[in-house]
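Novice: Below are the structure tokens for one structure; questions will follow.
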Amino acid sequence: MLRLETILCTFSLLCVAARADFKARNCSEVREACVGKGFSFAHVPPQEIPGEHLRVCPQGNTCCTQEMEDTFGQQSKQDFENLVEEVSHELRSTFVSRHKRFDEFFLELLENTERSLNEMFVRTYGKPYMQNSEVFENLFAELKRYYTGGNVNLEEMLNDFWSRLLERMFTLLNSQYVITEDYLECISKYTDQLKPFGDVPRKLKAQVTRAFIAARTFVQGLSVGREVAQRVSKVSSTPSCMRALTKMLYCPFCQGMPAVKSCKNYCLNVMKGCLANQADLDPEWNQYIDALLLVAQRLEGPFNIESVMEPIDVKISEAIMNMQDNSAQVSYRVFQGCGQPKPAGMTRSTRGVSDVFNARFRPYSPEERPTTAAGTSLDRLVDDIKEKLKLSKKFWTNLPEAMCVEDRVTAGNASDEECWNGHTKGRYFPEVQKDGLTNQVNNPEVGVDITRPDTVIRQQIMALRVMTNKLRNAYNGNDIYFQDTSDEGSGSGSGSGCTDVCPTDMDSAATEAPVVKADRSGPVGDTAVHHVPSVALPTMLALSALALHRQWR
């Protein structure tokens, strides 16, 4: 009997203690925390209640109703999406802003160059230029169309430009003859043999094609990075991920501990499970960033489009003077191959040199830089983007770590015993999983189906792979849009055909001084020019243009 009384007494004391403990754990702190976060629950228990109704959080005594747990689940999904948006904001804004800057820079560089050439040629050549200006307008229109993504073969387009220029100049220099379309077509067959413009077309073609391939591909690369970052940052949560997020972020509320944040390793496992597919993007992303950096090196080196385009007016002018200097020899060889054209029945204009050159070149200052919408030179733009790109490597595998920082989700440097481990306040024992989908097979927090990769992520991986290939080709001066297999060893119809790093002779040609020494080989013998018109005017034009051209530079 005494023993029974002792047992009853002990049981009563335990019940009193339990009731006292239960009373002590009221839910007022939870109610205040919910109000602070903007929740408007119809009912928050004033003190803990039995938690058999809970489906995610621990089912012991709880401060949560079914309505609260459901709302916490929806909010967890929103919090997770917002957190990914926040952490990836700098990456996305970098690609958006730098793409815009480079695009503005290249487009305005084209506009400035065309305007500069037009002003210089109007002053230098006057009416003959203005009457044939559409040849140059078409050149810049095609360059812009190529840069903006048009289906333009740069080499063919540039060859066509020099052919059109040859036709116009030959007609002007032989105005006492009737030059028909058939005759012009015959002339074009001899262009490679005649080399009427000296070596300028060959050098300029190498420089322009490489520079434009690099510029266009680089801007396209930034555009792809921008799109990939934006799409991958739009995360979609699986049911398993949403349960894990709710358990990590809001189950402490249900346990009466709304101020307690998750343990760091616990958070990492949850995030690695929820972001497993994003981590699989990283290997291709890193290769893409490396390829962008390679092209960036070209932009500030031998493929610098700014150094190619700024002096293009002077280089084309020099080619014209080469043609004028050698007009007698060129005309003689054309007449030999195509026959003597019919006389026009009128005399050549006796207009003087002063009528053609009615303006002088302005003095040139090497310190002058083009004023652009980007507000800076290409070198400074490239330096800026290179630093940003280097910081973006390994972004997707580092994303869980970036999200599980103190004050965002985790308890940070707090004691291992003072953080939420998914069940209570205390140490988190499971080890942190490795990155990527296949490594989540044993993730203790998130059930991940490793046999079903995310289709959106796979599409972005393929987009990066294609862009990386284009960037690597652009680094070697090749445009993979125009592969030409008819010319053995060419590799590309709009590039150099290099398979590794391009030869240095073209590299030096791309950065050489803008004024190239003209070929002054002189006219052929007297017998050679028997049927050639007087070259006094072309020679005077050439000498005058050369003098003014050098003064301008």
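So you can find residues: chains in the structure tokens are A, B, ... in the order shown, residues in each start at 1, and ligands are numbered from 1 in order.
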When DSSP is applied to the backbone of this structure, which of segment 45-119 of chain A are assigned alpha helix (DSSP H)? Write them out as a count of residues only.

Specialist: 54

Novice: Do you know which residues are at most 6 Å from segment 223-236 of chain A counting only C-alpha atoms, after dropping those on the same chain fewer than 4 positions away, and could you put them as a ChimeraX atom specification?

Specialist: /A:92,95-96,460

Novice: Excluding Phe161 of chain A and its own-chain neighbours fewer than 2 positions away, which residues fall within 8 Å of it when counting only C-alpha atoms? Please give them as JSON, numbers by chain.

Specialist: {"A": [135, 136, 139, 157, 158, 159, 163, 164, 165]}

Novice: Smallest atom-to-atom distance to Phe106 of chain A: which of A:Glu318, A:Asp384, A:Asp325, A:Glu310, using only C-alpha atoms?

Specialist: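 Among the listed residues, A:Glu310 lies closest to Phe106 of chain A.
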
Novice: With distances taken over only C-alpha atoms, which residue among A:His43, A:Arg465, A:Arg458, A:Arg408 lies nearest Asn277 of chain A?

Specialist: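 Nearest to Asn277 of chain A: A:Arg458.
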
Novice: Extract, using only C-alpha atoms, all DNA, RNA and protein residues at most 12 Å from Arg55 of chain A, discarding same-chain residues fewer than 6 positions from it, and format them as a PDB file with N, CA, C and O atoms, in the first residue's frame.

Specialist:
ATOM      1  N   CYS A  64       1.790  25.945 -33.727  1.00  0.00           N
ATOM      2  CA  CYS A  64       1.263  26.110 -35.082  1.00  0.00           C
ATOM      3  C   CYS A  64      -0.037  25.347 -35.284  1.00  0.00           C
ATOM      4  O   CYS A  64      -0.156  24.179 -34.902  1.00  0.00           O
ATOM      5  N   THR A  65      -0.954  26.008 -35.965  1.00  0.00           N
ATOM      6  CA  THR A  65      -2.155  25.342 -36.457  1.00  0.00           C
ATOM      7  C   THR A  65      -1.865  24.807 -37.848  1.00  0.00           C
ATOM      8  O   THR A  65      -0.800  25.076 -38.441  1.00  0.00           O
ATOM      9  N   GLN A  66      -2.828  24.047 -38.413  1.00  0.00           N
ATOM     10  CA  GLN A  66      -2.666  23.540 -39.777  1.00  0.00           C
ATOM     11  C   GLN A  66      -2.569  24.695 -40.771  1.00  0.00           C
ATOM     12  O   GLN A  66      -1.760  24.668 -41.707  1.00  0.00           O
ATOM     13  N   GLU A  67      -3.396  25.724 -40.531  1.00  0.00           N
ATOM     14  CA  GLU A  67      -3.362  26.898 -41.398  1.00  0.00           C
ATOM     15  C   GLU A  67      -1.980  27.541 -41.385  1.00  0.00           C
ATOM     16  O   GLU A  67      -1.459  27.937 -42.436  1.00  0.00           O
ATOM     17  N   MET A  68      -1.369  27.642 -40.231  1.00  0.00           N
ATOM     18  CA  MET A  68      -0.058  28.279 -40.119  1.00  0.00           C
ATOM     19  C   MET A  68       1.002  27.486 -40.863  1.00  0.00           C
ATOM     20  O   MET A  68       1.811  28.056 -41.608  1.00  0.00           O
ATOM     21  N   GLU A  69       0.991  26.171 -40.707  1.00  0.00           N
ATOM     22  CA  GLU A  69       2.001  25.360 -41.381  1.00  0.00           C
ATOM     23  C   GLU A  69       1.845  25.450 -42.896  1.00  0.00           C
ATOM     24  O   GLU A  69       2.843  25.538 -43.629  1.00  0.00           O
ATOM     25  N   ASP A  70       0.609  25.429 -43.384  1.00  0.00           N
ATOM     26  CA  ASP A  70       0.376  25.543 -44.823  1.00  0.00           C
ATOM     27  C   ASP A  70       0.881  26.895 -45.353  1.00  0.00           C
ATOM     28  O   ASP A  70       1.500  26.969 -46.418  1.00  0.00           O
ATOM     29  N   PHE A  72       3.162  28.780 -43.976  1.00  0.00           N
ATOM     30  CA  PHE A  72       4.623  28.767 -43.896  1.00  0.00           C
ATOM     31  C   PHE A  72       5.223  28.047 -45.110  1.00  0.00           C
ATOM     32  O   PHE A  72       6.274  28.453 -45.623  1.00  0.00           O
ATOM     33  N   GLY A  73       4.560  27.007 -45.575  1.00  0.00           N
ATOM     34  CA  GLY A  73       5.044  26.282 -46.747  1.00  0.00           C
ATOM     35  C   GLY A  73       5.048  27.156 -47.988  1.00  0.00           C
ATOM     36  O   GLY A  73       6.018  27.179 -48.760  1.00  0.00           O
ATOM     37  N   ARG A 243       9.224  21.164 -48.738  1.00  0.00           N
ATOM     38  CA  ARG A 243       9.106  20.610 -47.380  1.00  0.00           C
ATOM     39  C   ARG A 243      10.368  20.902 -46.573  1.00  0.00           C
ATOM     40  O   ARG A 243      10.297  21.300 -45.404  1.00  0.00           O
ATOM     41  N   ALA A 244      11.534  20.681 -47.226  1.00  0.00           N
ATOM     42  CA  ALA A 244      12.804  20.912 -46.529  1.00  0.00           C
ATOM     43  C   ALA A 244      12.977  22.381 -46.173  1.00  0.00           C
ATOM     44  O   ALA A 244      13.462  22.713 -45.077  1.00  0.00           O
ATOM     45  N   THR A 246      10.528  24.607 -45.679  1.00  0.00           N
ATOM     46  CA  THR A 246       9.577  24.933 -44.607  1.00  0.00           C
ATOM     47  C   THR A 246      10.113  24.464 -43.261  1.00  0.00           C
ATOM     48  O   THR A 246      10.053  25.195 -42.258  1.00  0.00           O
ATOM     49  N   LYS A 247      10.636  23.257 -43.250  1.00  0.00           N
ATOM     50  CA  LYS A 247      11.181  22.687 -42.011  1.00  0.00           C
ATOM     51  C   LYS A 247      12.350  23.513 -41.492  1.00  0.00           C
ATOM     52  O   LYS A 247      12.490  23.728 -40.283  1.00  0.00           O
ATOM     53  N   CYS A 251       9.746  25.868 -39.134  1.00  0.00           N
ATOM     54  CA  CYS A 251       9.423  24.952 -38.034  1.00  0.00           C
ATOM     55  C   CYS A 251       9.917  25.459 -36.677  1.00  0.00           C
ATOM     56  O   CYS A 251       9.319  25.133 -35.648  1.00  0.00           O
ATOM     57  N   CYS A 254       7.026  26.965 -34.989  1.00  0.00           N
ATOM     58  CA  CYS A 254       6.102  25.994 -34.404  1.00  0.00           C
ATOM     59  C   CYS A 254       6.636  25.434 -33.085  1.00  0.00           C
ATOM     60  O   CYS A 254       5.863  25.021 -32.225  1.00  0.00           O
TER      61      CYS A 254
END

Novice: So how many Å separate atom CA of Ile213 of chain A and atom CA of Ala474 of chain A, to one decimal?

Specialist: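 One can read the atom CA of Ile213 of chain A to atom CA of Ala474 of chain A distance as 5.9 Å.
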
Novice: Measuring between only C-alpha atoms, which one of A:Asn269, A:Thr410, A:Asn118, A:Gln340 shows the shortest distance to Pro430 of chain A?

Specialist: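 With only C-alpha atoms as the atom set, the closest residue is A:Asn269.
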
Novice: Do you know which residues are at most 12 Å from segment 47-51 of chain A counting only C-alpha atoms, after dropping those on the same chain fewer than 6 positions away, and could you put them as number ranges by chain?

Specialist: A: 19, 21-31, 57-66, 68-69, 251, 253-257

Novice: Which of these, A:Val409, A:Pro239, A:Glu134, A:Val219, has the shortest distance to Lys100 of chain A once you count only C-alpha atoms?

Specialist: A:Val219
